[in-house]
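One file, final-v1.cif, carrying mmCIF, C-alpha atoms:
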data_protein
loop_
_atom_site.label_atom_id
_atom_site.label_comp_id
_atom_site.auth_asym_id
_atom_site.auth_seq_id
_atom_site.Cartn_x
_atom_site.Cartn_y
_atom_site.Cartn_z
CA MET A 1 20.84 6.81 13.47
CA ARG A 2 17.20 6.68 14.55
CA ASP A 3 15.02 9.78 14.21
CA THR A 4 13.42 10.29 17.63
CA ARG A 5 11.35 13.40 16.87
CA THR A 6 7.64 12.94 17.50
CA VAL A 7 5.59 12.29 14.39
CA SER A 8 1.85 12.84 14.42
CA ALA A 9 -0.71 10.50 12.90
CA GLU A 10 -1.53 13.31 10.48
CA GLN A 11 2.09 13.40 9.29
CA ASN A 12 1.97 9.65 8.70
CA VAL A 13 -1.19 10.04 6.62
CA GLU A 14 0.56 12.77 4.61
CA LEU A 15 3.56 10.48 4.03
CA VAL A 16 1.29 7.75 2.63
CA ARG A 17 -0.54 10.34 0.50
CA ARG A 18 2.80 11.47 -0.99
CA SER A 19 3.65 7.84 -1.73
CA TRP A 20 0.28 7.29 -3.46
CA ASP A 21 0.56 10.49 -5.48
CA ALA A 22 4.07 9.59 -6.58
CA SER A 23 3.06 6.00 -7.45
CA LEU A 24 0.13 7.10 -9.56
CA ALA A 25 2.41 9.58 -11.35
CA ALA A 26 5.10 6.88 -11.83
CA ASP A 27 7.56 9.12 -9.96
CA TRP A 28 9.64 6.22 -8.66
CA PRO A 29 12.38 8.24 -6.92
CA ALA A 30 9.66 10.03 -4.91
CA VAL A 31 8.00 6.69 -4.05
CA LEU A 32 11.29 5.22 -2.88
CA ALA A 33 11.90 8.26 -0.68
CA THR A 34 8.82 7.25 1.33
CA LEU A 35 9.69 3.54 1.49
CA HIS A 36 12.30 2.18 3.91
CA PRO A 37 15.07 0.25 2.10
CA ASP A 38 14.16 -2.88 4.12
CA ALA A 39 10.35 -2.48 4.02
CA GLU A 40 8.20 -5.60 4.06
CA ILE A 41 5.59 -5.89 1.30
CA ARG A 42 2.76 -8.43 1.56
CA ASP A 43 -0.12 -9.13 -0.79
CA PHE A 44 -3.04 -11.00 0.73
CA ASP A 45 -4.87 -10.74 -2.60
CA VAL A 46 -2.50 -13.19 -4.30
CA PRO A 47 -2.43 -16.70 -2.83
CA ASP A 48 1.06 -17.96 -2.01
CA SER A 49 2.69 -14.66 -2.87
CA ASP A 50 6.18 -14.11 -1.55
CA ILE A 51 6.96 -11.46 1.02
CA GLY A 52 8.71 -8.62 -0.75
CA ARG A 53 11.63 -6.84 0.87
CA GLY A 54 12.84 -3.34 0.26
CA HIS A 55 12.82 -1.30 -2.90
CA ASP A 56 13.45 -4.29 -5.17
CA GLY A 57 10.62 -6.19 -3.48
CA PHE A 58 8.29 -3.25 -4.05
CA PHE A 59 9.02 -3.27 -7.80
CA VAL A 60 8.60 -7.07 -8.00
CA TRP A 61 5.20 -6.74 -6.27
CA LEU A 62 4.15 -3.88 -8.55
CA GLY A 63 5.28 -5.80 -11.65
CA ARG A 64 3.25 -8.86 -10.65
CA TRP A 65 0.23 -6.66 -10.03
CA ASN A 66 0.55 -4.96 -13.42
CA GLU A 67 1.04 -8.19 -15.36
CA GLY A 68 -2.32 -9.52 -14.14
CA TRP A 69 -4.32 -6.59 -15.49
CA GLU A 70 -4.79 -5.06 -18.90
CA SER A 71 -5.59 -1.82 -17.13
CA TRP A 72 -6.47 -0.59 -13.65
CA HIS A 73 -7.11 2.58 -11.72
CA VAL A 74 -8.11 3.64 -8.24
CA GLU A 75 -11.13 5.72 -7.25
CA ASP A 76 -12.40 7.13 -3.95
CA LEU A 77 -9.07 6.97 -2.11
CA GLU A 78 -9.47 7.56 1.62
CA LEU A 79 -6.51 7.54 4.02
CA GLN A 80 -7.06 7.01 7.73
CA ALA A 81 -4.65 7.02 10.65
CA VAL A 82 -5.01 4.01 12.94
CA GLY A 83 -3.11 4.51 16.17
CA ASP A 84 0.24 6.27 16.27
CA ASP A 85 2.13 4.40 13.58
CA ARG A 86 -0.41 2.91 11.16
CA VAL A 87 -2.31 4.19 8.16
CA ILE A 88 -4.89 2.43 6.03
CA ALA A 89 -5.74 3.32 2.44
CA LEU A 90 -9.30 2.41 1.44
CA PHE A 91 -10.23 2.63 -2.23
CA LEU A 92 -12.27 1.30 -5.10
CA MET A 93 -10.11 -0.77 -7.45
CA VAL A 94 -11.35 -0.77 -11.04
CA ALA A 95 -9.50 -3.23 -13.26
CA ARG A 96 -9.78 -5.18 -16.50
CA GLY A 97 -8.30 -8.68 -16.59
CA GLY A 98 -5.29 -9.13 -18.84
CA ARG A 99 -6.32 -12.55 -20.12
CA SER A 100 -10.05 -12.59 -19.47
CA GLY A 101 -10.91 -9.00 -20.31
CA LEU A 102 -13.40 -9.09 -17.43
CA GLU A 103 -13.97 -5.86 -15.56
CA LEU A 104 -13.68 -5.85 -11.80
CA GLU A 105 -14.73 -3.28 -9.24
CA ARG A 106 -14.04 -4.00 -5.59
CA ARG A 107 -13.23 -2.22 -2.36
CA ASP A 108 -9.56 -2.92 -1.62
CA ALA A 109 -7.16 -1.62 0.99
CA ILE A 110 -3.48 -1.27 1.79
CA ALA A 111 -2.33 -1.23 5.41
CA TYR A 112 0.88 0.63 6.29
CA ARG A 113 3.17 0.83 9.30
CA ILE A 114 5.39 3.88 9.59
CA GLU A 115 8.68 4.22 11.48
CA ASP A 116 11.11 7.12 11.40
CA ARG A 117 9.11 8.90 8.68
CA GLN A 118 9.24 5.97 6.25
CA ILE A 119 6.91 3.13 5.31
CA VAL A 120 8.34 -0.06 6.83
CA TYR A 121 5.40 -2.36 6.14
CA MET A 122 2.62 -2.47 3.58
CA ALA A 123 0.01 -5.16 3.05
CA TYR A 124 -2.52 -5.34 0.21
CA PHE A 125 -6.02 -6.69 0.94
CA ASN A 126 -8.93 -7.31 -1.42
CA ASP A 127 -11.34 -6.98 1.51
CA GLN A 128 -11.55 -3.69 3.40
CA ALA A 129 -13.14 -5.23 6.50
CA GLN A 130 -10.32 -7.76 6.74
CA ALA A 131 -7.74 -4.99 6.33
CA LEU A 132 -9.35 -2.78 8.97
CA GLU A 133 -9.47 -5.68 11.42
CA ALA A 134 -5.81 -6.54 10.80
CA VAL A 135 -4.73 -2.91 11.30
CA ARG A 136 -6.77 -2.45 14.46
CA ARG A 137 -5.40 -5.66 15.98
CA ALA A 138 -1.84 -4.57 15.23
CA ALA A 139 -2.23 -0.95 16.44
#

Now, as a test, write the supplied structure out as structure tokens.
Amino acid sequence: MRDTRTVSAEQNVELVRRSWDASLAADWPAVLATLHPDAEIRDFDVPDSDIGRGHDGFFVWLGRWNEGWESWHVEDLELQAVGDDRVIALFLMVARGGRSGLELERRDAIAYRIEDRQIVYMAYFNDQAQALEAVRRAA
């Protein structure tokens, strides 16, 4: 049954914030509560990456991300509503390569689409301008 109550852009931003907070705390049940069981997960940072689907796809994507880095963290997280059903997360990614040991700092982004109070689409970008353009075109 579809939830037809009106959801504000601010509520969508808050949903994504809860998902981020839960992810960074490794509170996986709370993360999954924000993610639709059939969500689409894309990663434009990894060439030829598969499209993830649902909760299992989210964990496959996260596992691939983690295996590439010895360590990583996010700084300067900013969440913005774009239109009625989209949110973009802009942040500084700070990471150390798992094999190379090289440190990386770059401005990355994740674009989200929200339906019925759940994330139904998320796409990772290693270029904030590219992510903003993609979200604005889709909104």

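Contact shell of region 7-14 of chain A at 6 Å (only C-alpha atoms; same-chain neighbours under 3 positions omitted): Arg17, Ala81 and Asp84 of chain A.
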
- Task: Could you expand the PyMOL selection byres ((chain A and resi 41-58) around 7) into the explicit residues it covers here, written as a PyMOL selection string?
- Result: chain A and resi 32+36-40+59-62+121-126

Resolved residues for the PyMOL selection byres ((chain A and resi 108) around 7) as a compact mmCIF listing (two decimals) with C-alpha atoms, in the frame of the given file:
# COMPACT_ATOMS: atom_id res chain seq x y z
CA LEU A 90 -9.30 2.41 1.44
CA PHE A 91 -10.23 2.63 -2.23
CA LEU A 92 -12.27 1.30 -5.10
CA MET A 93 -10.11 -0.77 -7.45
CA ARG A 106 -14.04 -4.00 -5.59
CA ARG A 107 -13.23 -2.22 -2.36
CA ALA A 109 -7.16 -1.62 0.99
CA PHE A 125 -6.02 -6.69 0.94
CA ASN A 126 -8.93 -7.31 -1.42
CA ASP A 127 -11.34 -6.98 1.51
CA GLN A 128 -11.55 -3.69 3.40

- Between CA of Gly83 (chain A) and CA of Arg117 (chain A), what is the spacing in Å? 15.0 Å

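With all atoms listed in the file as the basis for measurement, A:His73 is the residue among A:His73, A:Arg64, A:Arg18, A:Arg137 that approaches Arg96 (chain A) most closely.
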
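Coordinates place CA of Ala30 (chain A) at a distance of 19.4 Å from CA of Ala111 (chain A).
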
Need the axis-aligned box for region 129-136 of chain A with 8 Å each side, so what are the centre and edges in Å to one decimal, as lines of an AutoDock Vina configuration file?
center_x = -8.9
center_y = -5.1
center_z = 10.4
size_x = 24.4
size_y = 21.3
size_z = 24.1

- List, as JSON, numbers by chain, every residue that the PyMOL selection byres ((chain A and resi 98-104) around 6) selects in the file provided. {"A": [68, 69, 70, 94, 95, 96, 97, 105]}

Can I get the selection written as a PDB file, in the frame of the given file, with C-alpha atoms?
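Saved file again30.pdb follows:
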ATOM      1  CA  GLY A  68      -2.320  -9.520 -14.140  1.00  0.00           C
ATOM      2  CA  TRP A  69      -4.320  -6.590 -15.490  1.00  0.00           C
ATOM      3  CA  GLU A  70      -4.790  -5.060 -18.900  1.00  0.00           C
ATOM      4  CA  VAL A  94     -11.350  -0.770 -11.040  1.00  0.00           C
ATOM      5  CA  ALA A  95      -9.500  -3.230 -13.260  1.00  0.00           C
ATOM      6  CA  ARG A  96      -9.780  -5.180 -16.500  1.00  0.00           C
ATOM      7  CA  GLY A  97      -8.300  -8.680 -16.590  1.00  0.00           C
ATOM      8  CA  GLU A 105     -14.730  -3.280  -9.240  1.00  0.00           C
TER       9      GLU A 105
END

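Between CA of Glu115 (chain A) and CA of Leu79 (chain A) the separation is 17.2 Å.
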